[in-house]
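Enquirer: mmCIF, C-alpha atoms, file input_25.cif:
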data_upload
#
loop_
_atom_site.label_atom_id
_atom_site.label_comp_id
_atom_site.auth_asym_id
_atom_site.auth_seq_id
_atom_site.Cartn_x
_atom_site.Cartn_y
_atom_site.Cartn_z
CA MET K 20 -38.14 61.36 -126.39
CA ASN K 21 -41.47 59.67 -125.89
CA THR K 22 -43.00 62.99 -124.91
CA ARG K 23 -41.86 64.64 -128.12
CA THR K 24 -43.19 61.84 -130.26
CA GLY K 25 -46.39 61.67 -128.25
CA ARG K 26 -47.32 65.31 -128.69
CA PRO K 27 -47.64 65.20 -132.51
CA ALA K 28 -49.63 61.97 -132.26
CA ARG K 29 -51.96 63.49 -129.68
CA ALA K 30 -52.34 66.64 -131.78
CA ALA K 31 -53.19 64.50 -134.80
CA GLN K 32 -55.82 62.65 -132.75
CA TYR K 33 -57.43 65.90 -131.61
CA LEU K 34 -57.36 67.21 -135.17
CA ALA K 35 -59.03 64.06 -136.46
CA LEU K 36 -61.63 64.26 -133.70
CA ALA K 37 -62.35 67.92 -134.50
CA ALA K 38 -62.71 67.09 -138.20
CA TYR K 39 -65.10 64.26 -137.34
CA LEU K 40 -67.20 66.54 -135.13
CA VAL K 41 -67.39 69.12 -137.90
CA PHE K 42 -68.44 66.37 -140.30
CA LEU K 43 -71.23 65.30 -137.95
CA ALA K 44 -72.35 68.82 -137.09
CA PHE K 45 -72.51 70.14 -140.67
CA PRO K 46 -75.88 68.55 -141.64
CA PHE K 47 -77.55 69.66 -138.42
CA LEU K 48 -76.23 73.23 -138.62
CA TRP K 49 -77.33 73.47 -142.25
CA LEU K 50 -80.75 72.11 -141.27
CA VAL K 51 -81.14 74.77 -138.58
CA SER K 52 -80.04 77.48 -141.00
CA THR K 53 -82.51 76.31 -143.65
CA ALA K 54 -85.38 76.15 -141.16
CA PHE K 55 -85.13 79.90 -140.47
CA LYS K 56 -84.56 81.10 -144.04
CA PRO K 57 -87.35 82.82 -146.02
CA PRO K 58 -88.28 81.46 -149.47
CA ARG K 59 -86.17 84.08 -151.24
CA GLU K 60 -82.99 82.94 -149.50
CA LEU K 61 -83.83 79.28 -150.02
CA SER K 62 -83.91 79.79 -153.78
CA SER K 63 -80.76 81.91 -153.86
CA LEU K 64 -77.86 80.75 -156.02
CA HIS K 65 -75.44 81.87 -153.31
CA PRO K 66 -76.62 80.28 -150.03
CA THR K 67 -75.30 81.56 -146.74
CA TRP K 68 -74.82 79.90 -143.37
CA ILE K 69 -76.61 82.58 -141.34
CA PRO K 70 -80.05 83.72 -142.59
CA LYS K 71 -80.00 87.39 -143.55
CA ASP K 72 -83.69 87.78 -142.74
CA PRO K 73 -84.60 84.96 -140.29
CA THR K 74 -88.26 84.03 -140.08
CA LEU K 75 -90.59 81.64 -138.26
CA GLY K 76 -92.82 81.33 -141.28
CA ASN K 77 -91.49 77.88 -142.13
CA PHE K 78 -92.55 76.58 -138.72
CA ARG K 79 -96.02 78.09 -139.01
CA GLN K 80 -96.43 76.65 -142.49
CA ALA K 81 -95.23 73.22 -141.37
CA PHE K 82 -97.80 73.06 -138.55
CA ALA K 83 -100.52 74.36 -140.86
CA GLU K 84 -99.86 71.80 -143.60
CA GLN K 85 -99.31 68.63 -141.56
CA PRO K 86 -100.51 67.24 -138.18
CA LEU K 87 -97.06 67.37 -136.63
CA LEU K 88 -98.20 67.42 -133.00
CA HIS K 89 -100.41 64.36 -133.39
CA ALA K 90 -97.67 62.51 -135.28
CA ALA K 91 -95.15 63.47 -132.60
CA LEU K 92 -97.51 62.10 -129.94
CA ASN K 93 -97.72 58.79 -131.82
CA SER K 94 -93.93 58.65 -132.06
CA LEU K 95 -93.57 59.50 -128.38
CA VAL K 96 -95.99 56.79 -127.26
CA ALA K 97 -94.33 54.18 -129.48
CA ALA K 98 -90.79 55.15 -128.47
CA VAL K 99 -91.43 55.38 -124.71
CA CYS K 100 -93.39 52.11 -124.56
CA ALA K 101 -90.81 50.28 -126.69
CA ALA K 102 -87.94 51.52 -124.52
CA MET K 103 -89.66 50.57 -121.27
CA VAL K 104 -90.65 47.08 -122.43
CA ALA K 105 -87.24 46.39 -124.00
CA VAL K 106 -85.41 47.38 -120.80
CA ALA K 107 -87.84 45.43 -118.60
CA LEU K 108 -87.27 42.28 -120.66
CA ALA K 109 -83.54 42.73 -121.20
CA THR K 110 -82.52 43.43 -117.59
CA PRO K 111 -83.33 40.05 -115.97
CA THR K 112 -82.32 38.17 -119.12
CA ALA K 113 -78.95 39.93 -119.18
CA PHE K 114 -78.42 38.99 -115.52
CA VAL K 115 -78.97 35.32 -116.30
CA LEU K 116 -76.75 35.34 -119.38
CA ALA K 117 -73.93 37.16 -117.62
CA ARG K 118 -73.89 34.93 -114.57
CA ARG K 119 -74.50 31.58 -116.26
CA ARG K 120 -72.08 31.34 -119.14
CA GLY K 121 -72.44 28.39 -121.45
CA ARG K 122 -74.29 27.37 -124.57
CA LEU K 123 -77.22 29.63 -123.73
CA SER K 124 -75.02 32.70 -123.46
CA THR K 125 -73.18 31.81 -126.67
CA ALA K 126 -76.45 31.25 -128.53
CA ALA K 127 -77.83 34.55 -127.26
CA THR K 128 -74.70 36.41 -128.40
CA GLY K 129 -74.99 34.80 -131.81
CA TRP K 130 -78.65 35.80 -131.95
CA VAL K 131 -77.68 39.41 -131.27
CA VAL K 132 -75.11 39.45 -134.08
CA VAL K 133 -77.34 37.68 -136.60
CA SER K 134 -80.44 39.76 -135.83
CA GLN K 135 -78.56 43.02 -136.33
CA ALA K 136 -77.16 41.80 -139.65
CA PHE K 137 -80.55 41.26 -141.29
CA PRO K 138 -81.76 44.19 -143.40
CA PHE K 139 -85.27 45.50 -142.93
CA VAL K 140 -86.39 44.45 -146.40
CA LEU K 141 -85.83 40.74 -145.72
CA VAL K 142 -87.97 40.65 -142.57
CA ILE K 143 -90.79 43.01 -143.46
CA ILE K 144 -92.90 40.45 -145.39
CA PRO K 145 -92.93 37.68 -142.72
CA LEU K 146 -93.32 40.36 -140.06
CA PHE K 147 -96.30 41.82 -141.89
CA LEU K 148 -97.93 38.37 -142.11
CA VAL K 149 -97.39 37.69 -138.41
CA LEU K 150 -98.89 41.02 -137.38
CA LYS K 151 -101.78 40.49 -139.76
CA ASN K 152 -102.62 37.19 -138.07
CA LEU K 153 -102.46 38.96 -134.70
CA HIS K 154 -104.72 41.78 -136.02
CA LEU K 155 -102.05 44.35 -135.22
CA ILE K 156 -101.61 45.88 -138.67
CA ASN K 157 -102.21 49.63 -138.78
CA SER K 158 -101.99 49.97 -135.01
CA VAL K 159 -99.54 51.66 -132.66
CA PRO K 160 -99.40 48.58 -130.33
CA GLY K 161 -98.29 46.50 -133.31
CA LEU K 162 -95.57 49.03 -134.11
CA ILE K 163 -94.46 49.00 -130.46
CA LEU K 164 -94.16 45.22 -130.60
CA VAL K 165 -91.95 45.50 -133.68
CA TYR K 166 -89.74 48.11 -132.04
CA VAL K 167 -89.33 45.98 -128.92
CA VAL K 168 -88.31 42.92 -130.93
CA TRP K 169 -85.93 44.96 -133.08
CA SER K 170 -84.18 46.76 -130.21
CA LEU K 171 -84.18 43.89 -127.71
CA PRO K 172 -81.05 42.07 -129.01
CA PHE K 173 -78.82 45.12 -128.80
CA ALA K 174 -80.34 46.13 -125.46
CA LEU K 175 -79.63 42.65 -124.15
CA TRP K 176 -76.04 42.83 -125.40
CA MET K 177 -75.49 46.22 -123.74
CA LEU K 178 -76.93 45.22 -120.37
CA THR K 179 -75.03 41.92 -120.34
CA GLY K 180 -71.78 43.87 -120.45
CA TYR K 181 -72.91 46.08 -117.58
CA VAL K 182 -73.93 43.06 -115.48
CA ARG K 183 -70.55 41.42 -116.01
CA ALA K 184 -68.90 44.60 -114.68
CA VAL K 185 -70.73 44.22 -111.35
CA PRO K 186 -68.52 42.33 -108.86
CA ARG K 187 -69.81 38.89 -107.97
CA GLU K 188 -68.74 39.49 -104.36
CA LEU K 189 -71.70 41.82 -103.88
CA GLU K 190 -74.12 39.06 -104.91
CA GLU K 191 -72.36 36.54 -102.71
CA ALA K 192 -72.61 38.90 -99.74
CA ALA K 193 -76.32 39.37 -100.41
CA ALA K 194 -76.79 35.60 -100.61
CA MET K 195 -75.04 35.18 -97.25
CA ASP K 196 -77.51 37.68 -95.80
CA GLY K 197 -80.36 35.48 -97.01
CA ALA K 198 -81.36 37.38 -100.15
CA GLY K 199 -82.76 35.33 -103.02
CA ARG K 200 -82.00 35.75 -106.71
CA LEU K 201 -84.85 38.15 -107.34
CA ARG K 202 -84.09 40.32 -104.32
CA THR K 203 -80.39 40.35 -105.22
CA LEU K 204 -81.23 41.54 -108.72
CA VAL K 205 -83.61 44.25 -107.50
CA SER K 206 -81.75 45.50 -104.41
CA VAL K 207 -78.08 44.94 -105.27
CA VAL K 208 -77.53 44.63 -109.01
CA ALA K 209 -80.22 46.96 -110.37
CA PRO K 210 -78.92 50.12 -108.59
CA LEU K 211 -75.46 49.51 -110.02
CA LEU K 212 -76.99 48.97 -113.46
CA ALA K 213 -78.77 52.33 -113.43
CA PRO K 214 -76.33 53.96 -115.91
CA GLY K 215 -76.58 50.96 -118.22
CA ILE K 216 -80.36 50.86 -117.97
CA VAL K 217 -80.58 54.59 -118.75
CA ALA K 218 -78.20 54.25 -121.70
CA THR K 219 -80.10 51.24 -123.03
CA ALA K 220 -83.45 52.97 -122.65
CA LEU K 221 -82.07 56.01 -124.44
CA PHE K 222 -80.82 53.87 -127.30
CA SER K 223 -84.15 52.09 -127.61
CA PHE K 224 -86.04 55.39 -127.47
CA ILE K 225 -83.93 57.08 -130.15
CA THR K 226 -84.11 54.01 -132.38
CA ALA K 227 -87.90 53.94 -132.19
CA TRP K 228 -88.26 57.73 -132.44
CA ASN K 229 -86.22 57.94 -135.65
CA GLU K 230 -87.46 54.70 -137.26
CA PHE K 231 -89.16 55.16 -140.62
CA PHE K 232 -89.41 51.96 -142.66
CA PHE K 233 -91.54 49.82 -140.33
CA ALA K 234 -93.84 52.75 -139.57
CA LEU K 235 -94.29 53.44 -143.27
CA VAL K 236 -95.26 49.85 -144.09
CA LEU K 237 -97.34 48.99 -141.03
CA LEU K 238 -99.29 52.22 -140.47
CA LYS K 239 -101.74 53.29 -143.16
CA SER K 240 -104.20 55.57 -141.37
CA PRO K 241 -103.04 59.22 -141.33
CA ASP K 242 -104.06 59.62 -137.68
CA ARG K 243 -101.73 56.79 -136.62
CA GLN K 244 -98.62 57.71 -138.58
CA THR K 245 -95.45 58.66 -136.75
CA LEU K 246 -93.41 61.82 -137.19
CA PRO K 247 -90.77 60.43 -139.61
CA VAL K 248 -93.54 59.26 -141.94
CA VAL K 249 -95.36 62.58 -141.80
CA LEU K 250 -92.14 64.37 -142.77
CA THR K 251 -92.30 62.67 -146.17
CA HIS K 252 -95.57 64.49 -146.87
CA PHE K 253 -93.55 67.63 -147.50
CA LEU K 254 -92.22 65.98 -150.66
CA GLY K 255 -94.15 66.48 -153.87
CA ALA K 256 -95.28 63.83 -156.31
CA GLU K 257 -92.18 64.33 -158.46
CA GLY K 258 -89.75 64.50 -155.55
CA ALA K 259 -89.77 68.28 -155.24
CA ALA K 260 -89.42 69.22 -151.58
CA ASP K 261 -91.08 72.08 -149.77
CA LEU K 262 -87.65 72.80 -148.32
CA GLY K 263 -88.43 75.44 -145.70
CA PRO K 264 -91.29 73.67 -143.87
CA LEU K 265 -89.50 70.34 -144.28
CA ALA K 266 -86.36 71.69 -142.59
CA ALA K 267 -88.42 73.28 -139.83
CA ALA K 268 -90.31 70.04 -139.13
CA ALA K 269 -87.13 67.96 -139.28
CA PHE K 270 -85.43 70.34 -136.85
CA LEU K 271 -88.28 69.94 -134.38
CA ALA K 272 -88.12 66.15 -134.82
CA THR K 273 -84.47 66.08 -133.75
CA LEU K 274 -84.99 68.14 -130.58
CA PRO K 275 -86.31 65.37 -128.25
CA SER K 276 -83.26 63.19 -128.78
CA LEU K 277 -80.89 66.10 -128.22
CA VAL K 278 -82.70 67.30 -125.11
CA ILE K 279 -82.92 63.85 -123.53
CA PHE K 280 -79.26 63.11 -124.16
CA SER K 281 -78.12 66.47 -122.83
CA VAL K 282 -80.13 65.96 -119.63
CA ILE K 283 -78.96 62.43 -118.79
CA GLN K 284 -75.41 62.38 -120.16
CA LYS K 285 -73.94 63.33 -116.76
CA ARG K 286 -75.88 60.55 -115.10
CA ILE K 287 -74.59 58.04 -117.62
CA ALA K 288 -70.99 59.13 -117.02
CA GLY K 289 -71.18 59.50 -113.25
CA GLY K 290 -73.72 56.84 -112.39
CA MET K 291 -71.19 54.01 -112.30
CA LEU K 292 -69.05 55.79 -109.72
CA ALA K 293 -72.04 56.80 -107.64
CA GLY K 294 -73.54 53.32 -107.75
CA ALA K 295 -70.27 51.66 -106.77
CA VAL K 296 -70.05 53.59 -103.48
CA LYS K 297 -71.23 51.38 -100.68
CA SER K 298 -73.07 53.20 -97.95
#
Would you mind giving the structure from this file in structure tokens?

Expert:
Amino acid sequence: MNTRTGRPARAAQYLALAAYLVFLAFPFLWLVSTAFKPPRELSSLHPTWIPKDPTLGNFRQAFAEQPLLHAALNSLVAAVCAAMVAVALATPTAFVLARRRGRLSTAATGWVVVSQAFPFVLVIIPLFLVLKNLHLINSVPGLILVYVVWSLPFALWMLTGYVRAVPRELEEAAAMDGAGRLRTLVSVVAPLLAPGIVATALFSFITAWNEFFFALVLLKSPDRQTLPVVLTHFLGAEGAADLGPLAAAAFLATLPSLVIFSVIQKRIAGGMLAGAVKS
């Protein structure tokens, strides 16, 4: 009886999941299709999914009109540095918060929730003034600092959960062997946190790579602008978009996130099991 009632429910779940995947995939598939369409098909009143006459002209035009490679390099430097610094700061802090529960841990959790609730518009003015006093306006290091501060709360929250999943018995055994706190964190806890560290770094990287608002406000020089900001240059003064080159550039901008996730997803899923095996 339970099996009969469970099958329709499971089928409904799979159907809902498939519908959700289609909903998520539709914009990306349409973007890819638009990137390879010639101007005649882009202006057609009857658009098609598959380009009838695919072309690379949109990509050539995009690189000719805007400094996409230089902007991508700026985005890469900002995203990689922000991810590394955020993980380096969050890992030991998460260890302390997870192992010493109390007012400090509660306050840190509240800080995470409150910081994620603030919209960008409310913090941009005081943030701009702070960076101006530090002489970091219109600089990639200043943007990196903003990305670290913005991604650090969520990174800390993620790693705290991973630390709490590590058995305390392993730390107690290390302490009995004479290992101090720092050595326990580096030699015992950190290897087991590898999946969490990778996932947190990936989150921080993608957040910084795709971020637009802070980069738009803080970076004024064209040679320092990031890729999301440069993509807006394909829009005309009256909002008319150069659709083909814009789609081609946007497609290239999404590739790093997709490639990185596809490469490390198996490590994220299997790292916990591998790290838990005691040699």

Enquirer: Which residue out of K:Leu92, K:Ile225, K:Ala198, K:Leu246 has the minimum interatomic distance to Ala272 (chain K) when all atoms listed in the file are used?

Expert: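 Among K:Leu92, K:Ile225, K:Ala198, K:Leu246, it is K:Leu246 that comes nearest to Ala272 (chain K).
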
Enquirer: Let me know the residues the PyMOL selection byres ((chain K and resi 142-155) around 10) catches in the file above, as a list in words.

Expert: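 Selected by the PyMOL selection byres ((chain K and resi 142-155) around 10) here: Phe137, Pro138, Phe139, Val140, Leu141, Ile156, Asn157, Ser158, Val159, Pro160, Gly161, Leu162, Leu164, Val165, Phe232, Phe233, Val236, Leu237 and Leu238 of chain K.
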
Enquirer: With only C-alpha atoms as the atoms that count, which of K:Val115, K:Val208, K:Val248, K:Ala174 lies nearest to Ala192 (chain K)?

Expert: K:Val208

Enquirer: Have a look at K:Asp261, K:Met177, K:Ala209, K:Arg122 and name the one nearest to Leu189 (chain K); count only C-alpha atoms.

Expert: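 Looking at the shortest contact to Leu189 (chain K), the residue is K:Ala209.
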
Enquirer: Translate the PyMOL selection byres ((chain K and resi 230) around 10) into a concrete residue list for this structure, as a list of chain:residue names.

Expert: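 Residues picked by the PyMOL selection byres ((chain K and resi 230) around 10): K:Ser94, K:Ala98, K:Tyr166, K:Phe224, K:Ile225, K:Thr226, K:Ala227, K:Trp228, K:Asn229, K:Phe231, K:Phe232, K:Phe233, K:Ala234, K:Leu235, K:Thr245, K:Leu246, K:Pro247, K:Val248.
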